[in-house]
Each structure stands twice: as structure tokens, then as C-alpha cells.
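Participant: I have a structure I would like to understand better, so I am pasting it below and will then ask my questions one at a time.
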Amino acid sequence: MQRQLIAFQAVLFRNVIELKRYAFNTISMLVSLYVMFMILFFGLQRLGGAALAAGDTLEGLLVGYLLWTMAIMAYSELSWDLNAQAQVGTLEQLYISPIGFGRLNAYSLLCNLVLQFGYAAIILAVLMVSTGKYLHVDLVSIVPLFIVTLMSAYGVGFAVGGLALIYKRIQAFFSIFQFVFLAFLTLPWAQFPWARFLPLSMGNALLREVMIHGRRIWELDPTHLMVLVGTGVFYLALGIMAFAWSERIARDKGLLGHY
Amino acid sequence: MLEVSHLSKVFVSGKNKVKAVDDVSFVVNRGEIVGLLGPNGAGKTTTIKSVLGITRPSAGSIKVGGFDPFAEPSKALSLVAAVLEGSRNIYWRMTTWENIVFFAGIHGVSHKIEKNYFDHLIETFKLVDKRSTEVRQLSQGMKQKVAICCALVKKTPLVFLDEPTVGLDIETSYELRGILKELAATEARTMVVSSHDMAVIQDICQRVIIMSGGRVIADDKIDDLLAVFRSRNYKIAIGKVLDNDVVEHLRKRFNDVEVQLRERKTNITINLPSAGDLYALMDFLREHNIDLETINQQDPDLEKAFVALVRKERERCNGNS
Ligand SMILES: Nc1ncnc2c1ncn2[C@@H]1O[C@H](COP(=O)(O)OP(=O)(O)O)[C@@H](O)[C@H]1O
Ligand SMILES: [Mg+2]
């Protein structure tokens with residue numbers, strides 16, 4: 001127990017230091033996310049309703065964008081960061097920790113999830129002020145919804161991160177998932193009924209209800225909530241299984257390092 | 001402390017098969033400083049990574065302090081720390097101290113409790129004024145020192161250093177060897193140091209396991225290994241130039257002879273595997289009426305022993321296949 005606490009503190013320590021050292025990168029990421037959204041927002045506002053998919057509103061765009069950025073942040077820790085660590089050899093050091101790589105990774109994801117909520121809050125606040133579109137920020141409802149929704153993004157991250165252990169040079173492939181996530185968020189259920197079972201999709205719908213229409217989490221349709229939890233658990237479990245499978249191959253082939 | 005028995009590892013990629021480790025067995029006892037010596041590609045890194053549980057062996061068994069690193073990873077790994085070859089092992093964007101805190105931490109060792117020991121190591125490795133410097137700004141040698149510190153702060157009974165001096169300039173390598181030697185003497189730890197450079201092993205270790213082509217070809221105390229070679233190689237000086245037919249004779253009579261004819265003397269380097277051979281040589285010289293000026297046992301040299309052993313092993317392999 002004592003050891004776990006020390007290890008958790010160490011991971012937190014590292015992540016906070018990295019945050020500070022890479023502050024410039026973080027700020028430029030936040031700024032470009034902001035600029036990108038403003039271009040999107042004013043572009044669509046000029047074009048008017050015609051450009052927006054049925055039932056979509058500018059508020060909806062804001063919710064979707066927020067979820068999209070959080071999903072990408074969640075996903076990239078498992079893909080980019082893991083790949084980078086495998087390349088330079090720190091990953092092997094994590095693997096020879098008696099705490100276990102799985103635990104250390106979980107601690108790290110947990111620390112960064114908190115950070116990501118921080119970023120999201122900043123982005124949301126600035127975007128609301130800039131666009132004049134104010135959303136309902138009911139933390140009791142949105143925090144659990146975000147967490148469960150992001151589980152599926154983590155699942156995708158685990159699967160891709162596992163592949164990256166075996167195929168070292170698939171970084172180009174990582175960024176494709178930004179668009180895949182976009183597709184998950186925008187596929188209309190009316191035309192594609194199965195789309196609601198895709199990662200992020202149901203979460204996006206429920207977050208809109210909460211953030212745009214001001215409903216509380218317990219006022220949401222229980223079947224929808226069940227689908228949300230079910231898909232979240234399913235994709236996360238699938239991702240972790242895929243990762244474990246890749247890990248085994250990497251151990252067999254001696255690929256946890258940078259051979 | 002460490003027991004490796006019949007360890008084999010075959011890397012398969014497509015149709016290619018590489019036998020990196022081939023039926024390797026050895027035991028390392030508590031407190032020993034063992035060298036793992038062998039040319040590049042001998043299988044040293046693969047052996048170490050198997051012991052650490054990051055490369056799965058094809059066959060054989062490994063016990064670290066009695067625990068199998070694959071069946072009971074957390075028990076086995078709590079006993080070991082390692083600096084692996086050719087990788088950074090540490091975070092370049094973090095400082096010396098931050099890396100130390102982190103790597104001790106993920107081993108469950110708190111920097112608050114062990115601060116004195118951490119400081120002592122930083123001092124030993126002469127990193128005091130680099131404590132708050134980001135590692136990326138340090139020289140190659142200092143980075144390596146930080147990486148070794150990060151392994152040592154875990155206070156594990158068993159430490160692996162894979163090619164600790166590779167890529168360092170001669171001076172830095174020499175300094176690091178000195179520090180490691182001192183550590184080996186002052187700390188009651190078991191260490192396994194791998195290298196393709198015998199000088200490093202000869203400097204730090206008491207015992208050496210020599211690997212070549214994935215196999216162990218010698219496993220002995222360094223002194224014993226040197227003694228074997230010391231007793232075999234002689235340098236002989238003779239106060240006259242030997243006739244050609246005598247030289248021919250000598251070459252026929254003894255296997256491993258090198259003759260250098262000088263202006264007014266002859267130098268002979270000769271390998272005499274047993275005491276009987278030495279007497280045979282004396283008889284030979286007497287028969288030909290040759291007076292010895294000096295006879296010297298050659299300085300022991302692990303490098304010669306190593307090269308000879310590796311050559312023999314290669315010949316054996318080629319003979320087999
Ligand atoms: N992950 C790997 N995949 C395929 N072949 C490998 C891998 N790692 C090592 N090898 C091969 O196995 C042999 C032994 O390598 P290694 O253990 O690194 O030797 P050493 O550390 O003694 O230089 C070499 O021929 C090397 O090319
Ligand atoms: Mg090696």
C-alpha cells in the first residue's frame with residue numbers, strides 16, 4: 001500500500017514536471033484548438049443553418065468540439081506517448097517496475113484525466129465567452145458523462161498503442177484517428193441506427209441534452225445511459241485486451257525496447 | 001540470487017530465425033560481481049532482458065531470488081534494477097534529481113526516506129552540480145551516470161548494467177569504471193555487468209561468463225582464467241640467430257610458435273599447454289645446443305584469452321555445421 005502511494009506520487013511528479021517543461025506545447029495546442037473552433041464557428045454562422053446537419057446547432061457544435069478535443073487528448077497519451085517512450089527506452093524501465101506497467105499506466109492516465117478536465121474547462125470558458133453561446137455547466141451531470149464517454153476513447157487508445165509497440169513506425173496512422181473520432185461524433189443516427197453504439201456517439205448525444213437543454217443526469221433516458229455505460233465498458237475492455245495481446249507479441253519478439 | 005538454466009531464445013521474424021541465446025545456464029550468488037563478456041551479437045542483452053521479463057525466452061527457466069520473472073513478476077522485479085544498453089533509460093526533459101526521484105518512486109522507494117543515500121550516490125558519481133540540470137543538456141557520459149544512479153537508488157540486491165561504458169570516450173569510460181569498482185567494493189550488492197570490452201570486465205568483476213554466438217563458452221574467476229593463460233604463453237630470448245632448419249624443427253615440434261629473427265638474437269613466443277611441454281622445450285634447446293638468455297611468462301591478458309576462446313568456439317561451430 002505504502003509502495004503504491006509512493007509510486008503514484010512519482011507518476012504525478014513526472015506528469016506535472018512534463019506539463020511544466022512542455023508548457024509552450026500545451027499553450028500552443030490550446031491556442032490552435034481555439035482558433036480552429038472559431039474558424040469553424042464563424043464559418044458556419046456565415047453560411048447559416050443550411051450548412052449544419054439536421055438538428056445541429058452552434059451549441060451542438062460546441063459540445064461536440066469539446067468532446068472531440070478531450071477524446072483526442074485521452075487517446076494520444078496511449079498512442080503518441082507510449083510510442084515515444086518505447087523508442088527512447090524509458091518504457092522498458094516502466095516494464096521492470098515491481099509496481100507493474102499496468103498500474104503505472106493507470107496512475108498516469110488518472111493524473112492526466114484530471115489535467116484534461118482542466119484544459120477542457122479553459123477551452124470551454126474561452127469559447128463560451130468568444131462565441132456568446134453559453135452552455136449549462138452542471139458538473140454533477142457532465143463529469144460522470146464525460147468520464148464514461150471517454151472510456152471508449154481510451155479503449156481505442158489502448159488498441160492503437162498496442163499496435164504501436166509492435167509496429168514502431170505507425171505514427172502517421174495515429175492522426176487518422178482524429179478524423180475517425182470526428183466520424184463517431186457526427187454520423188447521424190437517423191441514417192445509421194447502429195452509429196449510436198460507436199465510441200463517443202451516445203455520450204455526445206447525452207452531453208448535448210445536459211449542456212444545451214439543461215437536463216440533469218438522472219433525468220436522462222435510462223436506456224440511453226445503459227447504452228453509454230455498456231459501450232464505454234465494452235470498448236475499454238476490448239482495447240485493453242488488444243493491448244495485452246500486443247504486449248505478449250512484443251515480449252516474444254523482444255520489441256518493448258527499440259530493437 | 002540468480003539462476004538461469006537452459007535459457008534459449010529464438011527470434012522469429014517472417015522466415016528469418018535468429019538464435020540469440022542457445023542453452024545458456026549459470027548461477028550468480030549473492031554478493032558476486034559477475035561480468036558478461038562477449039562480442040556484439042553474442043546474446044548478452046537478450047539474456048539480461050529475459051531475466052528482467054521483458055523478452056520471453058523460447059525455452060529454459062529463470063529464477064530471480066527464487067521467483068520466476070514471468071510467473072511472479074512483481075516479486076522477481078522488486079529484487080532487480082537495470083540500465084539497459086543503447087536506450088536512454090531516463091527522461092531527457094527532467095533533471096538529474098527529478099529522474100532519480102521518479103525511478104526510485106516507481107520502485108516504491110521514497111526520496112524523502114532515502115534522501116541521504118541518494119545524495120551520497122550523486123556525490124559518488126560527481127553529479128552534485130548537475131543535480132538540477134535537465135538531462136538533455138548533459139554529456140553522454142553524465143547521462144549514463146544519471147541512468148546508473150537511477151538504477152542504484154532503487155536499492156535492489158541485484159543490479160544489471162548492460163554495456164555501461166559503450167559510446168563513452170576513453171577518459172569517461174575510465175572514470176566510470178573507477179566509480180563502479182568502488183561501488184562494487186563498498187556496496188553489498190550482486191551485480192551483473194555486460195560488455196564487449198574485456199578491460200571493463202577485468203576492472204570491475206571477479207568472475208566472468210564469456211558468451212559467443214548465444215552460448216556460454218567459459219565461466220570462471222577472472223584470476224583463474226588468467227592463470228590458465230599465464231601458464232601457457234612464454235617469451236624466450238636466445239643470444240644468437242637460429243638456423244632455418246632448427247626453426248623448422250621447432251615449428252614442427254610445437255604447435256603454437258612465433259619466431260622473430262633479429263640481428264644477433266632470436267625471440268620466440270611459444271604456447272606450452274602443460275608442464276611436460278615446457279620440459280620438452282628445454283630438452284629440444286639442449287639437443288640443439290642453444291643457450292637460453294631469458295624465459296618469461298607472458299603477462300596475463302583477458303583479451304587474448306577471450307579472443308582465443310571465441311575463435312575456438314567459432315571453429316567448433318563451423319565444424320559442426
Ligand atoms: N528483438 C530482436 N529481434 C530479432 N533479433 C534480435 C532481437 N534482439 C536481438 N536480436 C539478435 O540476437 C542476437 C543477439 O543479440 P544481443 O542479445 O543484443 O547481443 P549482445 O547484447 O551480446 O550484443 C543478435 O544477432 C541480434 O541481431
Ligand atoms: Mg547488447
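If you're wondering about the labels, chains in the C-alpha cells are A, B, ... by order shown, residues count from 1 in each chain, ligands from 1 in order shown.
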Skip segment 143-155 of chain A itself and residues of its chain fewer than 2 positions away, then list as a PyMOL selection string all residues within 8 Å of it, counting only C-alpha atoms.
Facilitator: chain A and resi 67+70-72+74-75+78+139-141+157-159+199-200+202-204+206-207+228-229+231-240
Participant: If we count only C-alpha atoms, which residues of chain B reach to within 7 Å of chain A? Please list them as number ranges by chain.
Facilitator: B: 11, 52, 54-56, 73-75, 77-78, 87-90, 101-102, 105-110
Participant: Just C-alpha atoms for this one: save the residues we selected as a short mmCIF file (atom, residue, chain, number, x, y, z; two decimals), in the first residue's frame.
Facilitator:
```cif
data_model
loop_
_atom_site.label_atom_id
_atom_site.label_comp_id
_atom_site.auth_asym_id
_atom_site.auth_seq_id
_atom_site.Cartn_x
_atom_site.Cartn_y
_atom_site.Cartn_z
CA PHE B 11 13.73 -14.51 -32.61
CA LEU B 52 14.05 -8.94 -16.46
CA ILE B 54 10.83 -8.02 -20.97
CA THR B 55 11.77 -10.65 -23.54
CA ARG B 56 10.08 -14.01 -23.27
CA PRO B 73 6.85 -10.56 -11.95
CA SER B 74 6.32 -8.20 -9.06
CA LYS B 75 8.23 -10.40 -6.59
CA LEU B 77 11.27 -7.42 -10.18
CA SER B 78 11.29 -5.99 -6.69
CA SER B 87 18.47 3.17 -24.66
CA ARG B 88 18.09 6.37 -22.81
CA ASN B 89 16.61 4.72 -19.74
CA ILE B 90 15.84 8.18 -18.31
CA VAL B 101 13.00 10.67 -7.55
CA PHE B 102 10.83 9.22 -10.28
CA GLY B 105 9.41 6.10 -6.73
CA ILE B 106 8.19 3.58 -9.28
CA HIS B 107 10.15 1.02 -7.31
CA GLY B 108 8.32 2.05 -4.17
CA VAL B 109 11.38 3.81 -2.71
CA SER B 110 10.65 7.23 -1.28
#
```
Participant: Within 9 Å of ligand 2 (counting only C-alpha atoms and all ligand atoms), which residues show up? I'd like them as number ranges by chain.
Facilitator: B: 39-46, 48, 84-86, 162-163, 194-196
Participant: How would the residues just picked look written out with N, CA, C and O atoms as an mmCIF file, in the first residue's frame?
Facilitator:
```
data_model
loop_
_atom_site.group_PDB
_atom_site.id
_atom_site.type_symbol
_atom_site.label_atom_id
_atom_site.label_comp_id
_atom_site.auth_asym_id
_atom_site.auth_seq_id
_atom_site.Cartn_x
_atom_site.Cartn_y
_atom_site.Cartn_z
ATOM 1 N N PRO B 39 31.424 -10.694 -27.751
ATOM 2 C CA PRO B 39 31.387 -9.748 -28.868
ATOM 3 C C PRO B 39 29.950 -9.307 -29.150
ATOM 4 O O PRO B 39 29.007 -9.894 -28.624
ATOM 5 N N ASN B 40 29.770 -8.281 -29.955
ATOM 6 C CA ASN B 40 28.425 -7.834 -30.304
ATOM 7 C C ASN B 40 27.622 -8.971 -30.917
ATOM 8 O O ASN B 40 28.143 -9.717 -31.736
ATOM 9 N N GLY B 41 26.382 -9.099 -30.497
ATOM 10 C CA GLY B 41 25.536 -10.146 -31.039
ATOM 11 C C GLY B 41 25.691 -11.471 -30.324
ATOM 12 O O GLY B 41 25.114 -12.476 -30.729
ATOM 13 N N ALA B 42 26.446 -11.483 -29.221
ATOM 14 C CA ALA B 42 26.677 -12.736 -28.501
ATOM 15 C C ALA B 42 25.442 -13.204 -27.739
ATOM 16 O O ALA B 42 25.350 -14.374 -27.369
ATOM 17 N N GLY B 43 24.520 -12.291 -27.497
ATOM 18 C CA GLY B 43 23.305 -12.664 -26.781
ATOM 19 C C GLY B 43 23.264 -12.137 -25.358
ATOM 20 O O GLY B 43 22.401 -12.548 -24.566
ATOM 21 N N LYS B 44 24.135 -11.212 -25.010
ATOM 22 C CA LYS B 44 24.180 -10.672 -23.644
ATOM 23 C C LYS B 44 22.898 -9.914 -23.308
ATOM 24 O O LYS B 44 22.264 -10.167 -22.282
ATOM 25 N N THR B 45 22.536 -8.977 -24.190
ATOM 26 C CA THR B 45 21.348 -8.161 -23.915
ATOM 27 C C THR B 45 20.097 -9.028 -23.853
ATOM 28 O O THR B 45 19.247 -8.850 -22.981
ATOM 29 N N THR B 46 19.996 -9.970 -24.771
ATOM 30 C CA THR B 46 18.825 -10.836 -24.778
ATOM 31 C C THR B 46 18.745 -11.647 -23.481
ATOM 32 O O THR B 46 17.660 -11.815 -22.912
ATOM 33 N N ILE B 48 19.918 -10.733 -20.539
ATOM 34 C CA ILE B 48 19.527 -9.818 -19.469
ATOM 35 C C ILE B 48 18.043 -9.469 -19.566
ATOM 36 O O ILE B 48 17.311 -9.488 -18.568
ATOM 37 N N LEU B 84 19.728 -0.537 -19.257
ATOM 38 C CA LEU B 84 19.813 -1.313 -20.485
ATOM 39 C C LEU B 84 20.632 -0.579 -21.535
ATOM 40 O O LEU B 84 20.719 0.642 -21.549
ATOM 41 N N GLU B 85 21.179 -1.382 -22.411
ATOM 42 C CA GLU B 85 22.124 -0.856 -23.386
ATOM 43 C C GLU B 85 21.418 -0.025 -24.454
ATOM 44 O O GLU B 85 20.305 -0.325 -24.856
ATOM 45 N N GLY B 86 22.089 1.028 -24.864
ATOM 46 C CA GLY B 86 21.653 1.754 -26.047
ATOM 47 C C GLY B 86 20.336 2.490 -25.929
ATOM 48 O O GLY B 86 19.906 3.139 -26.864
ATOM 49 N N ASP B 162 24.008 -3.129 -18.510
ATOM 50 C CA ASP B 162 24.271 -3.674 -19.837
ATOM 51 C C ASP B 162 25.126 -2.679 -20.612
ATOM 52 O O ASP B 162 24.683 -1.582 -20.920
ATOM 53 N N GLU B 163 26.344 -3.049 -20.907
ATOM 54 C CA GLU B 163 27.294 -2.203 -21.642
ATOM 55 C C GLU B 163 27.362 -0.791 -21.051
ATOM 56 O O GLU B 163 27.082 0.187 -21.738
ATOM 57 N N SER B 194 27.536 -6.341 -18.234
ATOM 58 C CA SER B 194 27.860 -6.916 -19.540
ATOM 59 C C SER B 194 28.727 -5.939 -20.322
ATOM 60 O O SER B 194 28.624 -4.729 -20.147
ATOM 61 N N SER B 195 29.580 -6.482 -21.161
ATOM 62 C CA SER B 195 30.404 -5.622 -22.005
ATOM 63 C C SER B 195 31.050 -6.443 -23.108
ATOM 64 O O SER B 195 31.216 -7.643 -22.983
ATOM 65 N N HIS B 196 31.380 -5.772 -24.216
ATOM 66 C CA HIS B 196 32.168 -6.452 -25.233
ATOM 67 C C HIS B 196 33.638 -6.076 -25.046
ATOM 68 O O HIS B 196 34.499 -6.487 -25.804
#
```
Participant: I'd like the contact shell of segment 28-34 of chain A - 9 Å cut-off, only C-alpha atoms, skipping same-chain residues fewer than 4 positions apart - returned as a list in words.
Facilitator: Ala23, Phe24, Met38, Ile39, Thr69, Tyr119, Ile122, Ile123, Val126 and Leu127 of chain A
Participant: Please dump the current selection as a compact mmCIF listing (two decimals), in the first residue's frame; keep C-alpha atoms.
Facilitator:
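Resulting contents of result.txt:
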```txt
# COMPACT_ATOMS: atom_id res chain seq x y z
CA ALA A 23 4.07 24.33 -21.23
CA PHE A 24 4.79 26.01 -24.54
CA MET A 38 -13.52 29.98 -34.07
CA ILE A 39 -12.94 29.50 -37.79
CA THR A 69 -10.65 17.51 -28.09
CA TYR A 119 -7.84 22.10 -20.21
CA ILE A 122 -10.34 26.56 -20.01
CA ILE A 123 -11.28 25.85 -23.62
CA VAL A 126 -12.93 30.90 -23.52
CA LEU A 127 -15.13 29.54 -26.28
```
Participant: Measuring between only C-alpha atoms, which one of A:Leu165, A:Trp194, A:Val137, A:Leu66 shows the shortest distance to Ile217 of chain A?
Facilitator: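 Checking each of A:Leu165, A:Trp194, A:Val137, A:Leu66 against Ile217 of chain A, counting only C-alpha atoms, the winner is A:Val137.
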Participant: I'd like to know which of A:Ile166, A:Gly60, A:Phe243, A:Asp221 is closest to ligand 1, using only C-alpha atoms and all ligand atoms.
Facilitator: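 Of all the options, A:Ile166 lies closest to ligand 1.
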Participant: Between A:Phe184, A:Phe42, A:Asn15, A:Ala120, which is the closest to Glu98 of chain B once you count only C-alpha atoms?
Facilitator: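 Selected residue with least distance to Glu98 of chain B: A:Asn15.
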Participant: Could you tell me, as a PDB file with C-alpha atoms, in the first residue's frame, which residues of segment 95-189 of chain B DSSP assigns to helix (DSSP H, G or I) when given the backbone?
Facilitator:
```pdb
ATOM      1  CA  THR B  96      19.064  14.524 -12.605  1.00  0.00           C
ATOM      2  CA  TRP B  97      17.266  14.783  -9.289  1.00  0.00           C
ATOM      3  CA  GLU B  98      13.797  14.509 -10.830  1.00  0.00           C
ATOM      4  CA  ASN B  99      14.774  11.354 -12.687  1.00  0.00           C
ATOM      5  CA  ILE B 100      16.164   9.866  -9.501  1.00  0.00           C
ATOM      6  CA  VAL B 101      13.001  10.668  -7.548  1.00  0.00           C
ATOM      7  CA  PHE B 102      10.826   9.219 -10.284  1.00  0.00           C
ATOM      8  CA  PHE B 103      12.690   5.971 -10.841  1.00  0.00           C
ATOM      9  CA  ALA B 104      13.104   5.319  -7.125  1.00  0.00           C
ATOM     10  CA  GLY B 105       9.406   6.102  -6.727  1.00  0.00           C
ATOM     11  CA  LYS B 115      17.464  11.264   0.725  1.00  0.00           C
ATOM     12  CA  ASN B 116      20.854  10.708   2.362  1.00  0.00           C
ATOM     13  CA  TYR B 117      21.593   7.702   0.245  1.00  0.00           C
ATOM     14  CA  PHE B 118      20.502   9.491  -2.932  1.00  0.00           C
ATOM     15  CA  ASP B 119      22.783  12.401  -2.074  1.00  0.00           C
ATOM     16  CA  HIS B 120      25.631  10.017  -1.398  1.00  0.00           C
ATOM     17  CA  LEU B 121      25.208   8.424  -4.834  1.00  0.00           C
ATOM     18  CA  ILE B 122      25.015  11.790  -6.559  1.00  0.00           C
ATOM     19  CA  GLU B 123      28.262  12.678  -4.874  1.00  0.00           C
ATOM     20  CA  THR B 124      29.907   9.371  -5.750  1.00  0.00           C
ATOM     21  CA  VAL B 128      26.413  17.318  -7.474  1.00  0.00           C
ATOM     22  CA  ASP B 129      26.492  20.385  -9.694  1.00  0.00           C
ATOM     23  CA  LYS B 130      24.315  18.701 -12.324  1.00  0.00           C
ATOM     24  CA  VAL B 135      19.449  15.570 -18.576  1.00  0.00           C
ATOM     25  CA  ARG B 136      19.318  16.510 -22.261  1.00  0.00           C
ATOM     26  CA  GLN B 137      21.938  19.180 -21.559  1.00  0.00           C
ATOM     27  CA  GLN B 140      26.836  11.301 -22.946  1.00  0.00           C
ATOM     28  CA  GLY B 141      28.949  10.154 -20.009  1.00  0.00           C
ATOM     29  CA  MET B 142      26.934  12.120 -17.489  1.00  0.00           C
ATOM     30  CA  LYS B 143      23.661  10.864 -18.917  1.00  0.00           C
ATOM     31  CA  GLN B 144      24.969   7.355 -18.415  1.00  0.00           C
ATOM     32  CA  LYS B 145      25.943   8.184 -14.844  1.00  0.00           C
ATOM     33  CA  VAL B 146      22.466   9.533 -14.158  1.00  0.00           C
ATOM     34  CA  ALA B 147      20.948   6.375 -15.633  1.00  0.00           C
ATOM     35  CA  ILE B 148      23.124   4.220 -13.377  1.00  0.00           C
ATOM     36  CA  CYS B 149      22.192   6.338 -10.357  1.00  0.00           C
ATOM     37  CA  CYS B 150      18.515   5.908 -11.231  1.00  0.00           C
ATOM     38  CA  ALA B 151      19.003   2.140 -11.109  1.00  0.00           C
ATOM     39  CA  LEU B 152      21.038   2.169  -7.895  1.00  0.00           C
ATOM     40  CA  ILE B 170      38.159   6.592 -23.161  1.00  0.00           C
ATOM     41  CA  GLU B 171      38.604   9.058 -20.338  1.00  0.00           C
ATOM     42  CA  THR B 172      34.963   8.992 -19.259  1.00  0.00           C
ATOM     43  CA  SER B 173      34.849   5.237 -19.590  1.00  0.00           C
ATOM     44  CA  TYR B 174      37.872   5.004 -17.345  1.00  0.00           C
ATOM     45  CA  GLU B 175      36.364   7.309 -14.755  1.00  0.00           C
ATOM     46  CA  LEU B 176      33.088   5.418 -14.750  1.00  0.00           C
ATOM     47  CA  ARG B 177      34.918   2.125 -14.337  1.00  0.00           C
ATOM     48  CA  GLY B 178      36.639   3.571 -11.308  1.00  0.00           C
ATOM     49  CA  ILE B 179      33.346   4.585  -9.759  1.00  0.00           C
ATOM     50  CA  LEU B 180      31.765   1.211 -10.474  1.00  0.00           C
ATOM     51  CA  LYS B 181      34.757  -0.568  -8.993  1.00  0.00           C
ATOM     52  CA  GLU B 182      34.440   1.487  -5.851  1.00  0.00           C
ATOM     53  CA  LEU B 183      30.710   0.820  -5.642  1.00  0.00           C
ATOM     54  CA  ALA B 184      31.229  -2.893  -6.146  1.00  0.00           C
ATOM     55  CA  ALA B 185      33.652  -2.860  -3.243  1.00  0.00           C
ATOM     56  CA  THR B 186      31.608  -0.732  -0.855  1.00  0.00           C
TER      57      THR B 186
END
```
